[in-house]
Amino acid sequence: MPHLSDLIRRYTSLKTADLEWLHSLVSDWQLLADLSFADLVLWVRLRDGSGWVAVSQMRPTTGPTAFQDDLVEAVLPDEVGDVADEGERIRMASRLALIDRAWAEGRICREGDPDWSGGVPVREETIPVRRQGKLIGVIQRSTNLSSARTPSRLELTYLQSASDLAQMIAEGAFPFSDQGPLMVRSPRVGDGLLRLDRDGEVVYASPNALSAYRRLGLTADLVGARLARTTLDLAAAGDARDESLTWTAGGRVPQESEVEARGSTVQLRAIPLITEGVRIGALVMVRDVTELRRRERELMTKDATIREIHHRVKNNLQTVAALLRLQSRRLDSTEGQAALDEAVRRVGSIAIVHEMLSHTPDEIVDFDDIADRVIEMAAEVSSTEAQVTPHRVGHFGLLSALVATPLSMVLTELVQNAVEHGLGYGPGAIEVRVRREDAPPGAEEASGRVFIEVTDDGGGLPADFDIAGSNSLGLQIVRTLVVAELGGHLEIKPRDDGGTAVAIELPVDAAVEQVP
């Protein structure tokens, strides 16, 4: 389905500020649809003024839909006489007339009798959408009356609240321009609804809302109570007794808050009702989020435990490296010292990865920082007089720990090998060039690719070099990690202008590991 922004730009001449207003309206109009038990369709004027186009649609979760098919991108021309189907022509003409009336008169318009042309009775209404005194669209509100019956107290409260909210849209008072940030999952109408009067007293409490407050410890009835005072009295000692909770529970500002008591957590969202510039009351939607917050705390505890494990692994690896250094200093054999020093660098490269993982909430790290530290650490084996200048070109991006740990060892071995064999511990330049290609959207395979090339300007490869028959432990480690563990491709070849180039191609999971 086309996006709202695309349709607005394609069909209309509305300004960016008007588009943002419609985005805010559409992001929150599920509330109006549920309170109205009705479908909503947003119509905006075509650029040339020749008719209307539907740019968004919402169905209710509290009642049957009036439209089985999507109307988005449907166009209502000023003249509908050319439509072949008589029933469709009648529906379009009636819809167009009501939309035009709401636009011309700038007020909510209602059909007198239900429309039966679609086989079921549908009551049609149109609500002008106003921003800063200017009309920018019309909402068609269509109610399926096939299951109509005598409304309950809850349904009457819903309908009255919907009427107030529709009037606010017509006056340009909703959506709220100063609304505080909403949570990821805001309470909905069916979660629990409280209707407050202008003094903040509860005039209606839905059964779900009352149950949520019972879990907080309420023993009396909510109706007739000052919600702000009642909520603060129920709040656990020292918990959220701030101005934010007072204003939210009092329905005075459009924002969300949470209150905890007796092991339960209840989320509140306030919708002030303001018509003709006068505050007439408020809606407060209520949702019991106890289990959700419990699971979030468990995840936070799990994440903290994992980070602590990475921290301890890093400390243990650093201890091992320190012990190996001590052992190396006590050896008289130059060959033995070199072997232990190589082991220290390998352990150190793994420790760097665990150090980075100890600072992240998940098992994904920015590998650029790790690569820079590993490259510098491996280059430090050159003599003090010989200046080796390693540097990185390009970005690795975010990689999972399953890729980062072996890749850090691969870089350590390749840079160390370039210093030791390519440059012969002498001066020179080492370059690590990286290119990343993530899978395009919609590709059958979600994997992207990382291309790495490590080059030096040293003496180059021996004439009889064969990686398969090489006795070098470092190259054997590189080959095993790249090919067997990471499922990549490895190639070592001489450079045209002298030196050696090692090319690596690795698959990465583009669904998780995106370039920052």
# chains A, B, ... in the order shown; residues from 1 in each chain; ligands from 1
call {"tool": "residues_around", "arguments": {"residues": "stretch 399-410 of chain A", "least_positions_apart": "2", "cutoff": "7 Å", "atoms": "only C-alpha atoms", "output": "ChimeraX atom specification"}}
result
/A:346,349-350,353,363-367,371,374,397,412-414,478,481,486,513
call {"tool": "select_by_dssp", "arguments": {"residues": "stretch 309-457 of chain A", "states": "strand (DSSP E)", "output": "number ranges by chain"}}
result
A: 364-366, 388-393, 398-400, 428-437, 447-456
call {"tool": "residues_around", "arguments": {"residues": "A:Ser186", "least_positions_apart": "4", "cutoff": "12 Å", "atoms": "only C-alpha atoms", "output": "VMD selection string"}}
result
chain A and resid 27 to 28 30 to 31 181 to 182 190 to 192 255 to 258 266 to 271 284 to 289
call {"tool": "closest_residue", "arguments": {"among": "A:Val502, A:Leu35, A:Glu73, A:Pro64", "to": "A:Leu154", "atoms": "only C-alpha atoms"}}
result
A:Leu35
call {"tool": "residues_around", "arguments": {"residues": "A:Val202", "least_positions_apart": "6", "cutoff": "8 Å", "atoms": "only C-alpha atoms", "output": "list of chain:residue names"}}
result
A:Leu194, A:Arg195, A:Leu196, A:Leu222, A:Val223, A:Gly224, A:Ala225, A:Arg226, A:Leu227
call {"tool": "select_by_dssp", "arguments": {"residues": "stretch 26-131 of chain A", "states": "alpha helix (DSSP H)", "output": "PyMOL selection string"}}
result
chain A and resi 26-28+30-36+86-105
call {"tool": "atom_distance", "arguments": {"atom1": "atom CA of A:Asp115", "atom2": "atom CA of A:Leu156"}}
result
22.4 Å
call {"tool": "closest_residue", "arguments": {"among": "A:Glu276, A:Val344, A:Glu308, A:Thr265", "to": "A:Glu291", "atoms": "only C-alpha atoms"}}
result
A:Thr265
call {"tool": "atom_distance", "arguments": {"atom1": "atom CA of A:His359", "atom2": "atom CA of A:Ile309"}}
result
11.2 Å
call {"tool": "residues_around", "arguments": {"residues": "A:Val44", "least_positions_apart": "2", "cutoff": "12 Å", "atoms": "only C-alpha atoms", "output": "PyMOL selection string"}}
result
chain A and resi 4+7-14+18-19+22+41-42+46-56+72-77+96+99-100+103+127-130+135-140
call {"tool": "closest_residue", "arguments": {"among": "A:Thr248, A:Ser470, A:Thr230, A:Thr157", "to": "A:Tyr204", "atoms": "only C-alpha atoms"}}
result
A:Thr157
call {"tool": "residues_around", "arguments": {"residues": "stretch 164-174 of chain A", "least_positions_apart": "4", "cutoff": "8 Å", "atoms": "only C-alpha atoms", "output": "list of chain:residue names"}}
result
A:Leu25, A:Leu32, A:Gly106, A:Arg107, A:Ile108, A:Ile127, A:Pro128, A:Val129, A:Arg130, A:Arg131, A:Gln132, A:Gly133, A:Gln160, A:Leu273, A:Ile274, A:Thr275, A:Glu276
call {"tool": "write_last_selection", "arguments": {"atoms": "N, CA and C atoms", "output": "PDB file, in the first residue's frame"}}
result
ATOM      1  N   LEU A  25      -1.896  13.063  12.909  1.00  0.00           N
ATOM      2  CA  LEU A  25      -3.296  12.650  13.017  1.00  0.00           C
ATOM      3  C   LEU A  25      -3.447  11.162  12.750  1.00  0.00           C
ATOM      4  N   LEU A  32      -9.803   7.398  17.588  1.00  0.00           N
ATOM      5  CA  LEU A  32     -11.103   7.870  17.109  1.00  0.00           C
ATOM      6  C   LEU A  32     -11.900   6.736  16.481  1.00  0.00           C
ATOM      7  N   GLY A 106     -17.018  23.775   6.629  1.00  0.00           N
ATOM      8  CA  GLY A 106     -16.039  23.712   7.708  1.00  0.00           C
ATOM      9  C   GLY A 106     -16.580  23.153   9.003  1.00  0.00           C
ATOM     10  N   ARG A 107     -17.515  22.215   8.899  1.00  0.00           N
ATOM     11  CA  ARG A 107     -18.113  21.625  10.106  1.00  0.00           C
ATOM     12  C   ARG A 107     -18.393  20.147   9.877  1.00  0.00           C
ATOM     13  N   ILE A 108     -18.686  19.430  10.950  1.00  0.00           N
ATOM     14  CA  ILE A 108     -19.012  18.008  10.869  1.00  0.00           C
ATOM     15  C   ILE A 108     -20.390  17.862  10.237  1.00  0.00           C
ATOM     16  N   ILE A 127     -15.762  14.754   8.713  1.00  0.00           N
ATOM     17  CA  ILE A 127     -15.145  15.633   9.704  1.00  0.00           C
ATOM     18  C   ILE A 127     -14.063  16.447   9.017  1.00  0.00           C
ATOM     19  N   PRO A 128     -14.178  17.759   8.965  1.00  0.00           N
ATOM     20  CA  PRO A 128     -13.108  18.557   8.355  1.00  0.00           C
ATOM     21  C   PRO A 128     -11.846  18.513   9.219  1.00  0.00           C
ATOM     22  N   VAL A 129     -10.691  18.439   8.565  1.00  0.00           N
ATOM     23  CA  VAL A 129      -9.406  18.444   9.272  1.00  0.00           C
ATOM     24  C   VAL A 129      -8.811  19.835   9.127  1.00  0.00           C
ATOM     25  N   ARG A 130      -8.605  20.473  10.254  1.00  0.00           N
ATOM     26  CA  ARG A 130      -8.136  21.860  10.247  1.00  0.00           C
ATOM     27  C   ARG A 130      -6.787  21.960  10.943  1.00  0.00           C
ATOM     28  N   ARG A 131      -5.907  22.781  10.369  1.00  0.00           N
ATOM     29  CA  ARG A 131      -4.617  23.095  10.986  1.00  0.00           C
ATOM     30  C   ARG A 131      -4.397  24.599  10.925  1.00  0.00           C
ATOM     31  N   GLN A 132      -4.253  25.198  12.115  1.00  0.00           N
ATOM     32  CA  GLN A 132      -4.030  26.635  12.226  1.00  0.00           C
ATOM     33  C   GLN A 132      -5.049  27.423  11.416  1.00  0.00           C
ATOM     34  N   GLY A 133      -6.324  27.020  11.548  1.00  0.00           N
ATOM     35  CA  GLY A 133      -7.408  27.724  10.895  1.00  0.00           C
ATOM     36  C   GLY A 133      -7.620  27.385   9.435  1.00  0.00           C
ATOM     37  N   GLN A 160     -19.724   9.436  22.974  1.00  0.00           N
ATOM     38  CA  GLN A 160     -19.622  10.837  23.382  1.00  0.00           C
ATOM     39  C   GLN A 160     -18.175  11.318  23.305  1.00  0.00           C
ATOM     40  N   LEU A 273      -9.669  16.916  26.587  1.00  0.00           N
ATOM     41  CA  LEU A 273     -10.746  17.238  25.653  1.00  0.00           C
ATOM     42  C   LEU A 273     -11.012  18.734  25.722  1.00  0.00           C
ATOM     43  N   ILE A 274     -10.768  19.416  24.615  1.00  0.00           N
ATOM     44  CA  ILE A 274     -10.877  20.876  24.561  1.00  0.00           C
ATOM     45  C   ILE A 274     -11.693  21.246  23.338  1.00  0.00           C
ATOM     46  N   THR A 275     -12.842  21.848  23.554  1.00  0.00           N
ATOM     47  CA  THR A 275     -13.672  22.307  22.441  1.00  0.00           C
ATOM     48  C   THR A 275     -13.934  23.792  22.601  1.00  0.00           C
ATOM     49  N   GLU A 276     -13.839  24.515  21.484  1.00  0.00           N
ATOM     50  CA  GLU A 276     -14.009  25.974  21.457  1.00  0.00           C
ATOM     51  C   GLU A 276     -13.102  26.656  22.472  1.00  0.00           C
TER      52      GLU A 276
END
call {"tool": "atom_distance", "arguments": {"atom1": "atom CA of A:Leu331", "atom2": "atom CA of A:Ser472"}}
result
22.2 Å
call {"tool": "residues_around", "arguments": {"residues": "stretch 146-149 of chain A", "least_positions_apart": "6", "cutoff": "9 Å", "atoms": "only C-alpha atoms", "output": "JSON, numbers by chain"}}
result
{"A": [63, 64, 120, 121, 122]}
call {"tool": "write_last_selection", "arguments": {"atoms": "N, CA and C atoms", "output": "PDB file, in the first residue's frame"}}
result
ATOM      1  N   GLY A  63     -15.563  -2.844  16.573  1.00  0.00           N
ATOM      2  CA  GLY A  63     -16.801  -3.133  15.860  1.00  0.00           C
ATOM      3  C   GLY A  63     -16.526  -3.625  14.460  1.00  0.00           C
ATOM      4  N   PRO A  64     -17.588  -4.013  13.716  1.00  0.00           N
ATOM      5  CA  PRO A  64     -17.407  -4.513  12.346  1.00  0.00           C
ATOM      6  C   PRO A  64     -17.014  -3.385  11.395  1.00  0.00           C
ATOM      7  N   VAL A 120     -25.347  -3.450   3.331  1.00  0.00           N
ATOM      8  CA  VAL A 120     -25.470  -3.326   4.783  1.00  0.00           C
ATOM      9  C   VAL A 120     -25.691  -1.854   5.110  1.00  0.00           C
ATOM     10  N   PRO A 121     -26.408  -1.559   6.204  1.00  0.00           N
ATOM     11  CA  PRO A 121     -26.644  -0.152   6.548  1.00  0.00           C
ATOM     12  C   PRO A 121     -25.361   0.502   7.076  1.00  0.00           C
ATOM     13  N   VAL A 122     -24.995   1.633   6.498  1.00  0.00           N
ATOM     14  CA  VAL A 122     -23.796   2.354   6.899  1.00  0.00           C
ATOM     15  C   VAL A 122     -24.167   3.816   7.136  1.00  0.00           C
TER      16      VAL A 122
END
call {"tool": "closest_residue", "arguments": {"among": "A:Lys134, A:Arg295, A:His354, A:Arg110", "to": "A:Arg312", "atoms": "only C-alpha atoms"}}
result
A:His354
call {"tool": "closest_residue", "arguments": {"among": "A:Arg215, A:Arg252, A:Lys15, A:Arg297", "to": "A:Ser264", "atoms": "only C-alpha atoms"}}
result
A:Arg215
call {"tool": "closest_residue", "arguments": {"among": "A:Phe451, A:Trp43, A:Phe67, A:Trp247", "to": "A:Glu491", "atoms": "only C-alpha atoms"}}
result
A:Phe451
